[in-house]
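Right, one structure below, let's go through it.
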Amino acid sequence: MNKFIELRNNYFEKEQNSSFPLFFLKKYQEENLVGTLKSEILLNPFKEIMQLSTKKEIQESELIKGLAYLGQNDYLDRYIVTLVMDNHFLLTQEGFDKVVIELLSKEKTNEAIVYALVDSCIECGRDVLTKEMVENLVTYHTKQLDVFSIVIDYLYHFKVEGFESIIYEWLKEDYPINIKIQLIDLLVELYSLEKLNYEDIERLIPFQTNKKLFSGYMAIINREQLVKHNGLTILQSMFYGDFENSGKGNNGGMAVFLKTLGSELSKSKEVSLVVTLTITNEWSHNKSLMNFYSDNHLFLRVPIYIDETIKDPYLKKEQFIKRAIDRFLKKLEIEPDIFHVRYLDNASKAVALLSKQLGKKLVLTLTPDPHRNMINNDGTLKSFDTNDYFQKLNKIKIGDELIFESDQIVGIGNHTVGKELESYFPQLLKEDKKETLWMISEGIKADGNSKNSDEKSNRNKELKGINLKKEFFERPIILNVGRLEQLKSQDELLKAWGNSSISDVYNLLLIGGDLENPSNDEMKMIHSFEEYFTEHPQLRDKFQHVGALSNENIRMIEKEIMKHQESYPQIYLCSSDPFLSYP
């Protein structure tokens with residue numbers, strides 16, 4: 001048993017007066033894995049806030065003292081905001097409100113503190129900002145879009161009037177389209193749809209370059225594009241990817257999987273509608289807010305501003321995401337009966353919070369990530385830098401919270417995988433949870449074997465269009481499909497293949513990445529391929545790299561490989577780090 005599993009079991013074996021993050025932190029310090037001055041300065045307030053969160057009774061003065069720690073660390077800020085929200089009934093005008101007004105009135109209050117305080121005010125129903133304070137906040141933080149976005153959310157939530165002309169001025173600024181949509185929503189909320197200046201809205205450059213986005217948004221706010229459903233509705237969240245860009249950028253296999261899963265679920269007689277929901281920041285000319293991928297499977301792109309340059313972009317946006325999704329679904333008159341989440345992050349936590357707020361059922365697909373990466377090869381605890389430590393501990397904390405809140409938990413795999421889940425999540429063995437876990441096998445949708453001559457002819461044309469030479473299929477092929485990034489380790493796969501005798505027998509085919517407009521990560525990976533073949537030119541003709549393809553085209557290539565490869569094992573190799581090693 002590794003050290004991390006041992007700690008998890010020790011914690012859940014008996015009732016604890018502290019949370020697991022606090023329990024783990026103490027053990028982590030006992031192992032001398034945290035020792036730098038910077039770490040100690042951050043960890044002390046972290047422990048203090050965690051201890052407060054587990055106290056049965058606290059005072060408003062303790063909450064106010066906690067506000068002094070805001071701005072030191074993004075994860076600490078999130079826990080402070082949660083602590084304030086959980087104890088909102090303690091807040092008073094003479095205490096909390098007075099401190100917030102003092103801090104938000106200061107010109108030099110930093111962005112993180114402003115965001116946390118405004119977010120707390122919204123969730124706790126504390127309408128403390130005057131018009132002058134709002135104008136000053138926007139002026140002081142004019143280039144800090146997260147602050148601008150949360151201030152707009154404040155005006156929307158408390159229906160603060162007196163800003164109509166200023167909002168139209170803000171719309172003229174070079175803000176991202178998601179913030180412009182947020183401003184338009186604010187105009188409609190405060191001053192009615194009838195008073196909206198349609199001509200000014202239509203002239204906005206993002207709507208000029210994407211007419212589909214404009215027409216779809218107008219249809220939604222005019223209640224023209226309502227979704228028809230009259231039975232069970234399931235919402236599944238997908239915050240990492242987009243159906244229409246699979247294999248490009250951060251759009252991996254999960255998008256393909258959830259697209260297929262949603263369409264298959266929607267065929268059930270018991271299901272009226274499946275909604276797959278994501279957050280979109282990049283709007284190409286043909287992207288729309290909503291698309292149907294089968295009769296009862298709707299794909300929604302929610303226009304929420306997210307700063308994707310931040311390492312953990314959903315962290316401080318947890319409550320904001322919850323509120324934005326709630327409003328978007330209400331515009332479409334969609335009220336899910338079941339919410340399904342599958343990542344241990346703050347965006348999934350936001351969806352879970354919404355499900356409980358609406359009194360609906362929550363299903364969690366559970367994986368032990370980052371739990372299985374908390375140890376070294378010898379089973380001892382890994383040492384992390386402070387921010388990595390906070391990030392991983394945040395996911396572990398969210399995982400425990402989602403298990404507690406879930407009505408049903410799904411594990412993907414066999415009995416062995418189920419035992420692994422129980423080792424990392426011992427609470428699944430407790431009386432109130434042991435009946436909620438379902439293990440299901442990995443699923444594959446099998447096609448029929450019959451193909452007529454026209455279908456075979458079309459397949460040959462498609463293969464030529466993909467630029468896969470016919471002679472490449474004359475040798476057996478190892479296939480790898482995935483987005484191009486370090487986590488997927490295609491560069492390590494290339495070396496493992498080329499530096500071994502397997503390249504004498506098998507060609508290597510990689511599929512994935514945006515080859516026309518590659519991201520920085522994709523460029524690095526492509527460059528590493530070129531560097532390798534500069535040193536090993538004799539292998540170049542045995543290797544092919546094809547950009548991202550639709551799932552249908554990948555299936556077609558797989559069938560072509562199978563057709564030519566009857567005498568050799570057919571190999572699909574998943575190279576995701578850290579499982580790949582090479583000689």
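We label chains A, B, ... in the order they appear in the structure tokens, count residues from 1 in each chain, and number ligands from 1 in the order shown.
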- [ ] Would you list the contacts of Tyr28 (chain A) as a list of chain:residue names, taking every protein, DNA or RNA residue within 10 Å and counting only C-alpha atoms, but skipping same-chain residues closer than 6 positions in sequence?
- [x]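 Selected residues are A:Leu22, A:Val34, A:Leu381, A:Lys382, A:Ser383.
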Got time to write the residues from that selection, N, CA and C atoms, as an mmCIF file, in the first residue's frame?
data_model
loop_
_atom_site.group_PDB
_atom_site.id
_atom_site.type_symbol
_atom_site.label_atom_id
_atom_site.label_comp_id
_atom_site.auth_asym_id
_atom_site.auth_seq_id
_atom_site.Cartn_x
_atom_site.Cartn_y
_atom_site.Cartn_z
ATOM 1 N N LEU A 22 -6.421 19.506 5.481
ATOM 2 C CA LEU A 22 -5.692 19.902 6.684
ATOM 3 C C LEU A 22 -4.962 18.699 7.286
ATOM 4 N N VAL A 34 7.553 20.093 3.057
ATOM 5 C CA VAL A 34 7.303 21.526 2.947
ATOM 6 C C VAL A 34 8.249 22.217 3.917
ATOM 7 N N LEU A 381 5.490 9.780 -0.490
ATOM 8 C CA LEU A 381 4.816 10.988 -0.945
ATOM 9 C C LEU A 381 5.735 11.844 -1.802
ATOM 10 N N LYS A 382 5.185 12.360 -2.895
ATOM 11 C CA LYS A 382 5.938 13.258 -3.762
ATOM 12 C C LYS A 382 6.052 14.636 -3.132
ATOM 13 N N SER A 383 7.126 15.330 -3.464
ATOM 14 C CA SER A 383 7.280 16.716 -3.046
ATOM 15 C C SER A 383 6.884 17.621 -4.207
#
Open item on the list: When you look at Val118 (chain A) with a cut-off of 10 Å (counting only C-alpha atoms), what residues show up, excluding the ones that are within fewer than 5 positions of it in the same chain? I need them as a PyMOL selection string.
Closed with: chain A and resi 81+100+104+113+123-124+126-129+147+150-151+153-154
- [ ] Quick one: everything within 12 Å of Leu33 (chain A), counting only C-alpha atoms, minus sequence neighbours fewer than 2 positions away in the same chain. Send it as a ChimeraX atom specification.
- [x] /A:24-31,35-36,39-40,380-386,389
Let's have the selection written as an mmCIF file, in the first residue's frame, with N, CA, C and O atoms.
data_model
loop_
_atom_site.group_PDB
_atom_site.id
_atom_site.type_symbol
_atom_site.label_atom_id
_atom_site.label_comp_id
_atom_site.auth_asym_id
_atom_site.auth_seq_id
_atom_site.Cartn_x
_atom_site.Cartn_y
_atom_site.Cartn_z
ATOM 1 N N PHE A 24 -3.942 16.054 5.664
ATOM 2 C CA PHE A 24 -2.853 15.711 4.751
ATOM 3 C C PHE A 24 -1.692 16.695 4.901
ATOM 4 O O PHE A 24 -0.519 16.299 4.868
ATOM 5 N N LEU A 25 -2.023 17.962 5.064
ATOM 6 C CA LEU A 25 -0.981 18.979 5.203
ATOM 7 C C LEU A 25 -0.093 18.700 6.413
ATOM 8 O O LEU A 25 1.137 18.807 6.338
ATOM 9 N N LYS A 26 -0.713 18.313 7.527
ATOM 10 C CA LYS A 26 0.070 18.020 8.727
ATOM 11 C C LYS A 26 1.011 16.842 8.486
ATOM 12 O O LYS A 26 2.185 16.867 8.899
ATOM 13 N N LYS A 27 0.499 15.803 7.821
ATOM 14 C CA LYS A 27 1.341 14.639 7.516
ATOM 15 C C LYS A 27 2.443 15.008 6.522
ATOM 16 O O LYS A 27 3.571 14.525 6.617
ATOM 17 N N TYR A 28 2.105 15.865 5.599
ATOM 18 C CA TYR A 28 3.059 16.319 4.582
ATOM 19 C C TYR A 28 4.211 17.057 5.250
ATOM 20 O O TYR A 28 5.373 16.889 4.891
ATOM 21 N N GLN A 29 3.884 17.873 6.241
ATOM 22 C CA GLN A 29 4.919 18.611 6.961
ATOM 23 C C GLN A 29 5.761 17.675 7.831
ATOM 24 O O GLN A 29 6.967 17.871 7.972
ATOM 25 N N GLU A 30 5.126 16.637 8.396
ATOM 26 C CA GLU A 30 5.868 15.659 9.194
ATOM 27 C C GLU A 30 6.923 14.932 8.356
ATOM 28 O O GLU A 30 7.949 14.500 8.873
ATOM 29 N N GLU A 31 6.653 14.797 7.053
ATOM 30 C CA GLU A 31 7.599 14.144 6.144
ATOM 31 C C GLU A 31 8.674 15.110 5.658
ATOM 32 O O GLU A 31 9.495 14.759 4.811
ATOM 33 N N GLY A 35 9.118 23.070 3.408
ATOM 34 C CA GLY A 35 10.075 23.657 4.319
ATOM 35 C C GLY A 35 10.566 25.040 3.966
ATOM 36 O O GLY A 35 11.255 25.666 4.770
ATOM 37 N N THR A 36 10.236 25.545 2.792
ATOM 38 C CA THR A 36 10.742 26.861 2.416
ATOM 39 C C THR A 36 9.970 27.945 3.132
ATOM 40 O O THR A 36 8.817 27.756 3.538
ATOM 41 N N SER A 39 6.693 28.830 1.471
ATOM 42 C CA SER A 39 5.653 27.841 1.717
ATOM 43 C C SER A 39 5.022 28.030 3.079
ATOM 44 O O SER A 39 3.806 27.991 3.236
ATOM 45 N N GLU A 40 5.844 28.227 4.092
ATOM 46 C CA GLU A 40 5.327 28.378 5.446
ATOM 47 C C GLU A 40 4.432 29.603 5.574
ATOM 48 O O GLU A 40 3.405 29.567 6.237
ATOM 49 N N THR A 380 6.407 6.467 -1.703
ATOM 50 C CA THR A 380 6.504 7.590 -0.770
ATOM 51 C C THR A 380 5.823 8.823 -1.359
ATOM 52 O O THR A 380 5.615 8.913 -2.571
ATOM 53 N N LEU A 381 5.490 9.780 -0.490
ATOM 54 C CA LEU A 381 4.816 10.988 -0.945
ATOM 55 C C LEU A 381 5.735 11.844 -1.802
ATOM 56 O O LEU A 381 6.901 12.035 -1.471
ATOM 57 N N LYS A 382 5.185 12.360 -2.895
ATOM 58 C CA LYS A 382 5.938 13.258 -3.762
ATOM 59 C C LYS A 382 6.052 14.636 -3.132
ATOM 60 O O LYS A 382 5.164 15.069 -2.394
ATOM 61 N N SER A 383 7.126 15.330 -3.464
ATOM 62 C CA SER A 383 7.280 16.716 -3.046
ATOM 63 C C SER A 383 6.884 17.621 -4.207
ATOM 64 O O SER A 383 7.297 17.396 -5.348
ATOM 65 N N PHE A 384 6.051 18.631 -3.935
ATOM 66 C CA PHE A 384 5.595 19.563 -4.960
ATOM 67 C C PHE A 384 5.951 20.980 -4.550
ATOM 68 O O PHE A 384 6.111 21.279 -3.366
ATOM 69 N N ASP A 385 6.054 21.869 -5.556
ATOM 70 C CA ASP A 385 6.167 23.269 -5.188
ATOM 71 C C ASP A 385 4.810 23.729 -4.657
ATOM 72 O O ASP A 385 3.802 23.048 -4.806
ATOM 73 N N THR A 386 4.794 24.895 -4.028
ATOM 74 C CA THR A 386 3.608 25.323 -3.282
ATOM 75 C C THR A 386 2.353 25.371 -4.143
ATOM 76 O O THR A 386 1.295 24.865 -3.759
ATOM 77 N N TYR A 389 1.143 21.960 -5.200
ATOM 78 C CA TYR A 389 0.572 21.312 -4.024
ATOM 79 C C TYR A 389 -0.862 21.777 -3.812
ATOM 80 O O TYR A 389 -1.777 20.962 -3.614
#
TODO: Can you list, as an MDAnalysis selection string, all residues belonging to region 140-341 of chain A that DSSP tags as helix (DSSP H, G or I)?
DONE: chainID A and resid 140 145:158 164:172 177:191 198:202 205:209 211:221 243:245 253:265 318:331
Could you write out the selected residues, including C-alpha atoms, as a PDB file, in the first residue's frame?
ATOM      1  CA  TYR A 140      -8.997  51.338 -11.663  1.00  0.00           C
ATOM      2  CA  LEU A 145     -11.200  41.651 -17.478  1.00  0.00           C
ATOM      3  CA  ASP A 146     -12.052  39.271 -14.641  1.00  0.00           C
ATOM      4  CA  VAL A 147     -12.783  42.248 -12.401  1.00  0.00           C
ATOM      5  CA  PHE A 148     -14.802  43.976 -15.125  1.00  0.00           C
ATOM      6  CA  SER A 149     -16.810  40.786 -15.707  1.00  0.00           C
ATOM      7  CA  ILE A 150     -17.601  40.242 -12.015  1.00  0.00           C
ATOM      8  CA  VAL A 151     -18.681  43.891 -11.631  1.00  0.00           C
ATOM      9  CA  ILE A 152     -21.103  43.421 -14.561  1.00  0.00           C
ATOM     10  CA  ASP A 153     -22.374  40.304 -12.799  1.00  0.00           C
ATOM     11  CA  TYR A 154     -22.914  42.356  -9.631  1.00  0.00           C
ATOM     12  CA  LEU A 155     -24.987  44.935 -11.532  1.00  0.00           C
ATOM     13  CA  TYR A 156     -27.034  42.121 -13.105  1.00  0.00           C
ATOM     14  CA  HIS A 157     -27.612  40.258  -9.843  1.00  0.00           C
ATOM     15  CA  PHE A 158     -28.718  43.299  -7.821  1.00  0.00           C
ATOM     16  CA  GLU A 164     -27.559  52.499 -19.488  1.00  0.00           C
ATOM     17  CA  SER A 165     -25.458  55.044 -21.398  1.00  0.00           C
ATOM     18  CA  ILE A 166     -22.237  53.795 -19.782  1.00  0.00           C
ATOM     19  CA  ILE A 167     -23.017  50.207 -20.823  1.00  0.00           C
ATOM     20  CA  TYR A 168     -23.389  51.269 -24.471  1.00  0.00           C
ATOM     21  CA  GLU A 169     -20.022  53.036 -24.158  1.00  0.00           C
ATOM     22  CA  TRP A 170     -18.492  49.878 -22.711  1.00  0.00           C
ATOM     23  CA  LEU A 171     -19.840  47.924 -25.692  1.00  0.00           C
ATOM     24  CA  LYS A 172     -17.733  50.115 -28.007  1.00  0.00           C
ATOM     25  CA  ILE A 177     -17.304  38.886 -27.316  1.00  0.00           C
ATOM     26  CA  ASN A 178     -18.277  36.943 -24.173  1.00  0.00           C
ATOM     27  CA  ILE A 179     -18.040  40.123 -22.114  1.00  0.00           C
ATOM     28  CA  LYS A 180     -20.014  42.032 -24.756  1.00  0.00           C
ATOM     29  CA  ILE A 181     -22.743  39.375 -24.536  1.00  0.00           C
ATOM     30  CA  GLN A 182     -22.674  39.785 -20.760  1.00  0.00           C
ATOM     31  CA  LEU A 183     -23.182  43.543 -21.236  1.00  0.00           C
ATOM     32  CA  ILE A 184     -26.104  42.971 -23.615  1.00  0.00           C
ATOM     33  CA  ASP A 185     -27.686  40.580 -21.088  1.00  0.00           C
ATOM     34  CA  LEU A 186     -27.317  43.346 -18.510  1.00  0.00           C
ATOM     35  CA  LEU A 187     -29.072  45.877 -20.760  1.00  0.00           C
ATOM     36  CA  VAL A 188     -31.970  43.478 -21.290  1.00  0.00           C
ATOM     37  CA  GLU A 189     -32.198  42.683 -17.563  1.00  0.00           C
ATOM     38  CA  LEU A 190     -32.160  46.329 -16.482  1.00  0.00           C
ATOM     39  CA  TYR A 191     -33.997  48.113 -19.269  1.00  0.00           C
ATOM     40  CA  TYR A 198     -30.524  46.381 -32.090  1.00  0.00           C
ATOM     41  CA  GLU A 199     -28.618  48.388 -34.689  1.00  0.00           C
ATOM     42  CA  ASP A 200     -25.792  49.174 -32.274  1.00  0.00           C
ATOM     43  CA  ILE A 201     -25.651  45.534 -31.202  1.00  0.00           C
ATOM     44  CA  GLU A 202     -25.597  44.163 -34.750  1.00  0.00           C
ATOM     45  CA  ILE A 205     -17.433  43.603 -34.910  1.00  0.00           C
ATOM     46  CA  PRO A 206     -17.624  40.083 -33.383  1.00  0.00           C
ATOM     47  CA  PHE A 207     -21.234  39.804 -34.571  1.00  0.00           C
ATOM     48  CA  GLN A 208     -20.247  41.088 -38.013  1.00  0.00           C
ATOM     49  CA  THR A 209     -17.663  38.319 -38.357  1.00  0.00           C
ATOM     50  CA  LYS A 211     -23.547  36.153 -38.204  1.00  0.00           C
ATOM     51  CA  LYS A 212     -24.549  32.732 -36.898  1.00  0.00           C
ATOM     52  CA  LEU A 213     -23.582  33.735 -33.369  1.00  0.00           C
ATOM     53  CA  PHE A 214     -25.538  37.003 -33.646  1.00  0.00           C
ATOM     54  CA  SER A 215     -28.699  35.437 -35.044  1.00  0.00           C
ATOM     55  CA  GLY A 216     -28.602  32.587 -32.526  1.00  0.00           C
ATOM     56  CA  TYR A 217     -28.089  34.940 -29.599  1.00  0.00           C
ATOM     57  CA  MET A 218     -30.887  37.252 -30.733  1.00  0.00           C
ATOM     58  CA  ALA A 219     -33.213  34.268 -31.130  1.00  0.00           C
ATOM     59  CA  ILE A 220     -32.425  33.139 -27.586  1.00  0.00           C
ATOM     60  CA  ILE A 221     -32.981  36.509 -25.888  1.00  0.00           C
ATOM     61  CA  PHE A 243     -17.190  18.738 -30.757  1.00  0.00           C
ATOM     62  CA  GLU A 244     -16.190  20.542 -33.923  1.00  0.00           C
ATOM     63  CA  ASN A 245     -12.450  20.792 -33.190  1.00  0.00           C
ATOM     64  CA  GLY A 253     -10.934  12.304 -27.165  1.00  0.00           C
ATOM     65  CA  MET A 254     -13.294  13.280 -24.349  1.00  0.00           C
ATOM     66  CA  ALA A 255     -15.177  15.579 -26.737  1.00  0.00           C
ATOM     67  CA  VAL A 256     -15.620  12.685 -29.172  1.00  0.00           C
ATOM     68  CA  PHE A 257     -16.694  10.377 -26.361  1.00  0.00           C
ATOM     69  CA  LEU A 258     -19.260  12.787 -24.899  1.00  0.00           C
ATOM     70  CA  LYS A 259     -20.671  13.583 -28.334  1.00  0.00           C
ATOM     71  CA  THR A 260     -21.274   9.870 -28.936  1.00  0.00           C
ATOM     72  CA  LEU A 261     -22.487   9.262 -25.379  1.00  0.00           C
ATOM     73  CA  GLY A 262     -24.972  12.130 -25.588  1.00  0.00           C
ATOM     74  CA  SER A 263     -26.359  10.923 -28.905  1.00  0.00           C
ATOM     75  CA  GLU A 264     -26.679   7.338 -27.649  1.00  0.00           C
ATOM     76  CA  LEU A 265     -28.375   8.413 -24.398  1.00  0.00           C
ATOM     77  CA  GLU A 318     -16.688  28.623  -9.590  1.00  0.00           C
ATOM     78  CA  GLN A 319     -19.692  30.641  -8.408  1.00  0.00           C
ATOM     79  CA  PHE A 320     -19.671  32.835 -11.517  1.00  0.00           C
ATOM     80  CA  ILE A 321     -19.918  29.738 -13.739  1.00  0.00           C
ATOM     81  CA  LYS A 322     -22.783  28.395 -11.618  1.00  0.00           C
ATOM     82  CA  ARG A 323     -24.754  31.629 -11.989  1.00  0.00           C
ATOM     83  CA  ALA A 324     -24.025  32.022 -15.710  1.00  0.00           C
ATOM     84  CA  ILE A 325     -25.068  28.470 -16.595  1.00  0.00           C
ATOM     85  CA  ASP A 326     -28.254  28.839 -14.548  1.00  0.00           C
ATOM     86  CA  ARG A 327     -29.214  32.016 -16.427  1.00  0.00           C
ATOM     87  CA  PHE A 328     -28.374  30.534 -19.830  1.00  0.00           C
ATOM     88  CA  LEU A 329     -30.480  27.425 -19.233  1.00  0.00           C
ATOM     89  CA  LYS A 330     -33.399  29.539 -18.025  1.00  0.00           C
ATOM     90  CA  LYS A 331     -33.281  31.628 -21.226  1.00  0.00           C
TER      91      LYS A 331
END
Task: Within 8 Å of Ser348 (chain A) using only C-alpha atoms, minus same-chain residues under 6 positions, as a list in words - done: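 So, after excluding close chain neighbours, the residues are Ser237, Val341 and Arg342 of chain A.
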- [ ] Could you find all residues in region 99-271 of chain A that DSSP calls strand (DSSP E) from the backbone, and write them as a PyMOL selection string?
- [x] chain A and resi 232-237+271
TODO: Grab the CA of Leu549 (chain A) to CA of His297 (chain A) distance for me, in Å with one decimal place.
DONE: 21.7 Å
- [ ] For region 531-544 of chain A, work out the shell of residues within 10 Å, counting only C-alpha atoms and skipping chain neighbours fewer than 5 positions away, then give it as a count of residues only.
- [x] 25
- [ ] Skip region 48-63 of chain A itself and residues of its chain fewer than 2 positions away, then list as a PyMOL selection string all residues within 9 Å of it, counting only C-alpha atoms.
- [x] chain A and resi 17-19+21-22+43-46+65-67+76+79-80+82-84+86-87+90-92+95-96
- [ ] Go through A:Glu405, A:Leu226, A:His371, A:Leu289 and flag the residue nearest Gln357 (chain A), using only C-alpha atoms for the distances.
- [x] A:Glu405
TODO: Report the distance between CA of Asn394 (chain A) and CA of Val351 (chain A) in Å, rounded to one decimal place.
DONE: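 Straight-line distance from CA of Asn394 (chain A) to CA of Val351 (chain A) works out to 16.4 Å.
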